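**Q** Got query.cif for you, mmCIF, C-alpha atoms:
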data_query
loop_
_atom_site.group_PDB
_atom_site.id
_atom_site.type_symbol
_atom_site.label_atom_id
_atom_site.label_comp_id
_atom_site.auth_asym_id
_atom_site.auth_seq_id
_atom_site.Cartn_x
_atom_site.Cartn_y
_atom_site.Cartn_z
ATOM 1 C CA MET A 516 89.520 104.831 90.146
ATOM 2 C CA GLN A 517 88.463 101.251 90.678
ATOM 3 C CA ASN A 518 88.278 99.129 87.554
ATOM 4 C CA ASP A 519 84.695 98.259 86.522
ATOM 5 C CA SER A 520 85.604 94.933 84.916
ATOM 6 C CA THR A 521 84.928 91.585 86.526
ATOM 7 C CA GLU A 522 88.675 90.908 86.872
ATOM 8 C CA PRO A 523 90.180 91.579 90.319
ATOM 9 C CA ALA A 524 91.530 95.127 90.346
ATOM 10 C CA CYS A 525 93.591 97.329 92.645
ATOM 11 C CA LEU A 526 91.501 99.524 94.947
ATOM 12 C CA ILE A 527 94.201 102.207 94.778
ATOM 13 C CA CYS A 528 94.844 102.572 91.045
ATOM 14 C CA GLY A 529 92.484 100.106 89.313
ATOM 15 C CA ALA A 530 95.329 98.103 87.765
ATOM 16 C CA PRO A 531 95.191 94.279 87.476
ATOM 17 C CA LEU A 532 96.348 92.136 90.386
ATOM 18 C CA ARG A 533 99.150 89.616 90.264
ATOM 19 C CA TYR A 534 99.533 86.584 92.521
ATOM 20 C CA LEU A 535 102.828 85.343 93.919
ATOM 21 C CA GLU A 536 103.772 81.713 94.466
ATOM 22 C CA CYS A 537 104.893 82.434 98.029
ATOM 23 C CA ALA A 538 103.451 84.958 100.436
ATOM 24 C CA ARG A 539 105.657 87.840 101.483
ATOM 25 C CA GLU A 540 105.382 90.838 103.771
ATOM 26 C CA MET A 541 103.565 93.778 102.192
ATOM 27 C CA THR A 542 102.623 97.209 103.510
ATOM 28 C CA CYS A 543 98.992 98.182 103.134
ATOM 29 C CA ALA A 544 98.704 101.303 100.965
ATOM 30 C CA ILE A 545 95.758 102.515 103.050
ATOM 31 C CA CYS A 546 96.530 101.906 106.733
ATOM 32 C CA GLY A 547 100.262 101.117 106.600
ATOM 33 C CA LYS A 548 99.920 97.754 108.334
ATOM 34 C CA ILE A 549 102.424 95.042 107.344
ATOM 35 C CA CYS A 550 100.836 91.707 106.385
ATOM 36 C CA LEU A 551 101.740 88.456 104.661
ATOM 37 C CA SER A 552 100.034 88.239 101.294
ATOM 38 C CA ASN A 553 100.250 86.543 97.912
ATOM 39 C CA ALA A 554 98.545 89.347 95.995
ATOM 40 C CA GLU A 555 99.490 92.836 94.900
ATOM 41 C CA CYS A 556 98.724 94.950 91.849
ATOM 42 C CA ILE A 557 101.132 95.197 88.919
ATOM 43 C CA HIS A 558 102.296 98.570 90.284
ATOM 44 C CA GLY A 559 103.044 97.115 93.713
ATOM 45 C CA HIS A 560 100.012 98.366 95.672
ATOM 46 C CA PHE A 561 98.622 96.130 98.406
ATOM 47 C CA VAL A 562 95.430 96.587 100.440
ATOM 48 C CA CYS A 563 94.923 94.443 103.529
ATOM 49 C CA ASP A 564 91.723 92.481 104.181
ATOM 50 C CA ASP A 565 90.715 94.772 107.041
ATOM 51 C CA CYS A 566 90.732 97.832 104.792
ATOM 52 C CA HIS A 567 88.719 95.920 102.195
ATOM 53 C CA SER A 568 85.945 95.181 104.663
ATOM 54 C CA THR A 569 85.914 97.431 107.712
ATOM 55 C CA PRO A 570 83.474 100.328 108.011
ATOM 56 C CA ALA A 571 84.717 103.862 107.493
ATOM 57 C CA ALA A 572 84.978 104.769 111.178
ATOM 58 C CA VAL A 573 87.357 101.889 111.853
ATOM 59 C CA VAL A 574 89.546 102.849 108.903
ATOM 60 C CA ILE A 575 89.579 106.508 109.923
ATOM 61 C CA ARG A 576 90.530 105.608 113.498
ATOM 62 C CA SER A 577 93.327 103.225 112.496
ATOM 63 C CA ILE A 578 94.898 105.617 109.988
ATOM 64 C CA ALA A 579 94.711 108.592 112.362
ATOM 65 C CA LEU A 580 96.430 106.659 115.152
ATOM 66 C CA ALA A 581 99.151 105.298 112.849
ATOM 67 C CA ALA A 582 99.874 108.512 110.926
ATOM 68 C CA SER A 583 103.253 110.218 111.253
ATOM 69 C CA GLU A 584 102.615 113.081 108.831
ATOM 70 C CA LYS A 585 102.103 116.722 109.857
ATOM 71 C CA ASP A 586 100.019 117.414 106.738
ATOM 72 C CA PRO A 587 96.292 116.711 107.226
ATOM 73 C CA PHE A 588 95.782 116.604 103.437
ATOM 74 C CA VAL A 589 98.041 113.541 103.247
ATOM 75 C CA ILE A 590 96.319 111.858 106.195
ATOM 76 C CA ALA A 591 92.810 112.649 104.936
ATOM 77 C CA THR A 592 93.633 111.380 101.446
ATOM 78 C CA ALA A 593 94.906 108.103 102.883
ATOM 79 C CA MET A 594 91.563 107.729 104.675
ATOM 80 C CA MET A 595 89.615 108.616 101.527
ATOM 81 C CA LYS A 596 91.410 105.917 99.545
ATOM 82 C CA SER A 597 89.718 103.223 101.615
ATOM 83 C CA PRO A 598 86.839 101.438 99.881
ATOM 84 C CA ALA A 599 84.896 101.965 103.122
ATOM 85 C CA VAL A 600 84.925 105.730 102.538
ATOM 86 C CA HIS A 601 82.478 106.695 99.804
ATOM 87 C CA MET A 602 82.878 109.578 97.385
ATOM 88 C CA HIS A 603 80.308 111.503 99.411
ATOM 89 C CA GLY A 604 78.899 110.736 102.828
ATOM 90 C CA PRO A 605 78.759 111.559 106.528
ATOM 91 C CA GLU A 606 82.010 109.704 107.204
ATOM 92 C CA HIS A 607 83.727 112.941 106.103
ATOM 93 C CA HIS A 608 82.284 114.625 109.194
ATOM 94 C CA ILE A 609 84.588 112.363 111.208
ATOM 95 C CA LEU A 610 87.415 112.203 108.708
ATOM 96 C CA ALA A 611 88.164 115.940 108.599
ATOM 97 C CA GLY A 612 88.553 116.329 112.340
ATOM 98 C CA ALA A 613 90.417 113.040 112.803
ATOM 99 C CA SER A 614 93.028 113.931 110.182
ATOM 100 C CA LEU A 615 93.508 117.316 111.848
ATOM 101 C CA LEU A 616 93.939 115.705 115.267
ATOM 102 C CA ALA A 617 96.661 113.405 113.945
ATOM 103 C CA ALA A 618 98.493 116.189 112.100
ATOM 104 C CA TYR A 619 98.229 118.495 115.120
ATOM 105 C CA ARG A 620 99.767 115.891 117.432
ATOM 106 C CA ASN A 621 102.516 115.123 114.903
ATOM 107 C CA ALA A 622 103.289 118.847 114.565
ATOM 108 C CA GLY A 623 103.965 119.136 118.302
ATOM 109 C CA GLY A 624 100.522 119.778 119.734
ATOM 110 C CA GLU A 625 99.936 118.308 123.186
ATOM 111 C CA LEU A 626 97.219 115.705 122.812
ATOM 112 C CA ASP A 627 96.134 112.266 123.988
ATOM 113 C CA LEU A 628 95.463 111.169 120.417
ATOM 114 C CA PRO A 629 93.555 107.901 121.054
ATOM 115 C CA THR A 630 91.162 109.624 123.462
ATOM 116 C CA ALA A 631 90.787 112.623 121.152
ATOM 117 C CA VAL A 632 90.020 110.456 118.104
ATOM 118 C CA GLU A 633 87.372 108.526 120.023
ATOM 119 C CA GLU A 634 85.748 111.810 121.007
ATOM 120 C CA MET A 635 85.928 112.973 117.391
ATOM 121 C CA LEU A 636 84.157 109.786 116.309
ATOM 122 C CA ARG A 637 81.448 110.379 118.901
ATOM 123 C CA ARG A 638 80.870 114.012 117.991
ATOM 124 C CA GLY A 639 81.219 113.575 114.223
ATOM 125 C CA THR A 640 78.526 110.934 114.052
ATOM 126 C CA MET A 641 76.037 113.470 115.429
ATOM 127 C CA ILE A 642 76.100 115.316 112.074
ATOM 128 C CA PRO A 643 73.711 113.664 109.589
ATOM 129 C CA GLY A 644 74.451 113.159 105.922
ATOM 130 C CA GLY A 645 73.392 115.905 103.524
ATOM 131 C CA PHE A 646 73.729 118.549 106.237
ATOM 132 C CA CYS A 647 75.463 120.967 103.842
ATOM 133 C CA GLY A 648 72.385 121.232 101.646
ATOM 134 C CA LEU A 649 69.692 120.630 104.247
ATOM 135 C CA ALA A 650 71.025 122.935 106.946
ATOM 136 C CA GLY A 651 73.369 125.248 105.064
ATOM 137 C CA THR A 652 76.268 124.121 107.247
ATOM 138 C CA CYS A 653 78.872 121.728 105.864
ATOM 139 C CA GLY A 654 79.806 118.871 108.161
ATOM 140 C CA ALA A 655 83.488 119.225 107.232
ATOM 141 C CA ALA A 656 83.500 122.759 108.627
ATOM 142 C CA ILE A 657 81.735 121.597 111.787
ATOM 143 C CA SER A 658 84.290 118.792 112.082
ATOM 144 C CA ALA A 659 87.083 121.375 112.005
ATOM 145 C CA GLY A 660 85.326 123.273 114.793
ATOM 146 C CA MET A 661 85.031 120.029 116.754
ATOM 147 C CA PHE A 662 88.768 119.466 116.279
ATOM 148 C CA TYR A 663 89.506 122.886 117.749
ATOM 149 C CA SER A 664 87.123 122.366 120.644
ATOM 150 C CA ILE A 665 88.730 119.010 121.453
ATOM 151 C CA VAL A 666 92.352 120.207 121.409
ATOM 152 C CA THR A 667 91.526 123.327 123.453
ATOM 153 C CA LYS A 668 89.143 121.517 125.822
ATOM 154 C CA THR A 669 86.431 124.043 124.966
ATOM 155 C CA ASN A 670 82.941 123.705 126.417
ATOM 156 C CA PRO A 671 79.830 125.954 126.333
ATOM 157 C CA LEU A 672 81.145 127.991 129.293
ATOM 158 C CA SER A 673 84.593 128.692 127.813
ATOM 159 C CA LYS A 674 85.487 132.254 126.840
ATOM 160 C CA GLU A 675 88.344 132.850 124.388
ATOM 161 C CA THR A 676 88.412 129.350 122.926
ATOM 162 C CA TRP A 677 84.606 129.327 122.529
ATOM 163 C CA ARG A 678 84.935 132.462 120.398
ATOM 164 C CA ASP A 679 87.794 131.034 118.338
ATOM 165 C CA ALA A 680 85.964 127.753 117.681
ATOM 166 C CA GLN A 681 83.077 129.708 116.157
ATOM 167 C CA LEU A 682 85.445 131.865 114.102
ATOM 168 C CA LEU A 683 87.261 128.820 112.745
ATOM 169 C CA THR A 684 84.031 127.100 111.727
ATOM 170 C CA ALA A 685 82.850 130.332 110.108
ATOM 171 C CA ALA A 686 86.122 130.674 108.186
ATOM 172 C CA CYS A 687 85.787 127.101 106.921
ATOM 173 C CA LEU A 688 82.205 127.731 105.818
ATOM 174 C CA THR A 689 83.254 130.916 104.025
ATOM 175 C CA ALA A 690 85.946 129.029 102.115
ATOM 176 C CA ILE A 691 83.548 126.196 101.258
ATOM 177 C CA GLY A 692 80.657 128.460 100.285
ATOM 178 C CA SER A 693 82.812 130.734 98.136
ATOM 179 C CA HIS A 694 83.465 127.901 95.686
ATOM 180 C CA GLY A 695 79.765 127.215 95.164
ATOM 181 C CA GLY A 696 77.852 124.003 94.670
ATOM 182 C CA PRO A 697 77.035 121.274 94.191
ATOM 183 C CA ARG A 698 78.735 119.755 97.183
ATOM 184 C CA CYS A 699 81.825 117.624 96.953
ATOM 185 C CA CYS A 700 82.807 115.967 100.221
ATOM 186 C CA LYS A 701 86.446 115.751 99.082
ATOM 187 C CA ARG A 702 86.700 119.423 98.066
ATOM 188 C CA ASP A 703 84.840 120.655 101.141
ATOM 189 C CA THR A 704 87.011 118.544 103.441
ATOM 190 C CA TYR A 705 90.211 119.826 101.834
ATOM 191 C CA LEU A 706 89.004 123.437 102.098
ATOM 192 C CA ALA A 707 88.225 122.956 105.797
ATOM 193 C CA LEU A 708 91.641 121.400 106.396
ATOM 194 C CA GLU A 709 93.535 124.142 104.560
ATOM 195 C CA THR A 710 91.628 126.862 106.421
ATOM 196 C CA THR A 711 92.302 125.173 109.757
ATOM 197 C CA VAL A 712 96.039 124.813 109.089
ATOM 198 C CA ARG A 713 96.285 128.580 108.535
ATOM 199 C CA PHE A 714 94.048 129.342 111.534
ATOM 200 C CA MET A 715 96.073 127.163 113.911
ATOM 201 C CA ARG A 716 99.373 128.645 112.757
ATOM 202 C CA GLU A 717 98.073 132.177 113.371
ATOM 203 C CA HIS A 718 96.253 131.536 116.651
ATOM 204 C CA THR A 719 98.265 128.805 118.376
ATOM 205 C CA GLY A 720 101.686 128.701 116.738
ATOM 206 C CA ILE A 721 101.270 124.997 115.930
ATOM 207 C CA ALA A 722 102.537 124.706 112.357
ATOM 208 C CA MET A 723 100.871 121.800 110.638
ATOM 209 C CA GLU A 724 102.124 121.342 107.082
ATOM 210 C CA TRP A 725 100.256 121.959 103.827
ATOM 211 C CA GLN A 726 101.413 121.182 100.300
ATOM 212 C CA ARG A 727 101.846 124.163 98.017
ATOM 213 C CA LYS A 728 99.387 122.866 95.409
ATOM 214 C CA PRO A 729 97.698 119.682 96.643
ATOM 215 C CA GLN A 730 95.757 117.821 93.972
ATOM 216 C CA CYS A 731 92.641 115.689 94.315
ATOM 217 C CA ILE A 732 92.827 112.147 92.958
ATOM 218 C CA PHE A 733 89.079 111.505 93.179
ATOM 219 C CA SER A 734 87.680 113.810 90.474
ATOM 220 C CA GLN A 735 86.889 111.007 88.031
ATOM 221 C CA ARG A 736 84.593 109.414 90.610
ATOM 222 C CA ASN A 737 82.531 112.585 91.108
ATOM 223 C CA ARG A 738 79.851 113.233 88.502
ATOM 224 C CA GLU A 739 79.327 116.734 89.921
ATOM 225 C CA CYS A 740 83.025 117.709 89.972
ATOM 226 C CA LEU A 741 83.601 121.430 89.418
ATOM 227 C CA LYS A 742 86.765 120.500 87.496
ATOM 228 C CA GLU A 743 88.959 123.546 86.691
ATOM 229 C CA THR A 744 87.057 125.770 89.112
ATOM 230 C CA CYS A 745 88.002 123.515 92.050
ATOM 231 C CA PRO A 746 91.294 124.563 93.673
ATOM 232 C CA TYR A 747 92.340 120.906 94.000
ATOM 233 C CA PHE A 748 91.476 119.722 90.476
ATOM 234 C CA PRO A 749 94.566 117.982 89.029
ATOM 235 C CA GLU A 750 96.474 119.985 86.455
#
Can I see the file as structure tokens?
**A**
Amino acid sequence: MQNDSTEPACLICGAPLRYLECAREMTCAICGKICLSNAECIHGHFVCDDCHSTPAAVVIRSIALAASEKDPFVIATAMMKSPAVHMHGPEHHILAGASLLAAYRNAGGELDLPTAVEEMLRRGTMIPGGFCGLAGTCGAAISAGMFYSIVTKTNPLSKETWRDAQLLTAACLTAIGSHGGPRCCKRDTYLALETTVRFMREHTGIAMEWQRKPQCIFSQRNRECLKETCPYFPE
């Protein structure tokens, strides 16, 4: 959690920063880019200027295209660490699908990732903020359905894949709804990702990875956190 003091603090862990006499190459803890910098936190974390200032969509795009992991939880968490991604917000409607696209491609799925991510950005921005409470349909679940529609090239006239896209979105909503409210964009995104990993393994044979017991690192930032009743609450 970011430090609330007036001293410069690490955006990753909140620890104090230290400044070096000479700049050296550092790897951004958010996007993985290598930059010359004089500043890092006392634990060695570095965040590049772009990730300090760019809007969420740019961060999500850059991390998705650079990711090498097969686990969408890891990719999504890297996106969520960016200061451009708020604790809650409609950026998660893009983030869920984009992290799945990257993990799917890295797990062997055939995909033009740059084109797919751009389409995910276009579709995800159609879902307004607060949709989970105002429409009874969580944007993270819809984002998972968009992911499936993109990778299978589904359109309104498709047959089998049209059916499966609806079933996947429904499965994500069931998982999200079963844990109750109030909403948490982190929890709901993780539930949609975990559901989609299982769905894709069963229906397509593409085996994206999923940690045995992934843990959320954002609970202290969420005033409405369900704590021990959330499956991702840290032990």
**Q** Carefully work through the PyMOL selection byres ((chain A and resi 682) around 12) for this structure and note down the residues it includes, as number ranges by chain.
**A** A: 656-657, 659-660, 663-664, 675-681, 683-689, 710-711, 714-715, 718
**Q** When you look at Cys647 in chain A with a cut-off of 12 Å (counting all atoms listed in the file), what residues show up, excluding the ones that are within fewer than 3 positions of it in the same chain? I need them as a PyMOL selection string.
**A** chain A and resi 603-605+607-608+642-644+650-657+688+691-692+695-700+703-704
**Q** Residues at most 9 Å from range 620-628 of chain A, counting only C-alpha atoms, excluding those fewer than 4 positions away in the same chain, as a PyMOL selection string?
**A** chain A and resi 579-580+582-586+615-616+632-633+666+721-724
**Q** Looking at all atoms listed in the file, which of A:Leu741, A:Leu535, A:Ile549, A:Ala571 is the one that sits closest to Pro598 in chain A?
**A**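 Smallest distance to Pro598 in chain A is found for A:Ala571.
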**Q** Rounded to one decimal place, report the CA of Cys731 in chain A-CA of Tyr747 in chain A distance in Å.
**A**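 Taking CA of Cys731 in chain A as the start and CA of Tyr747 in chain A as the end point, the length is 5.2 Å.
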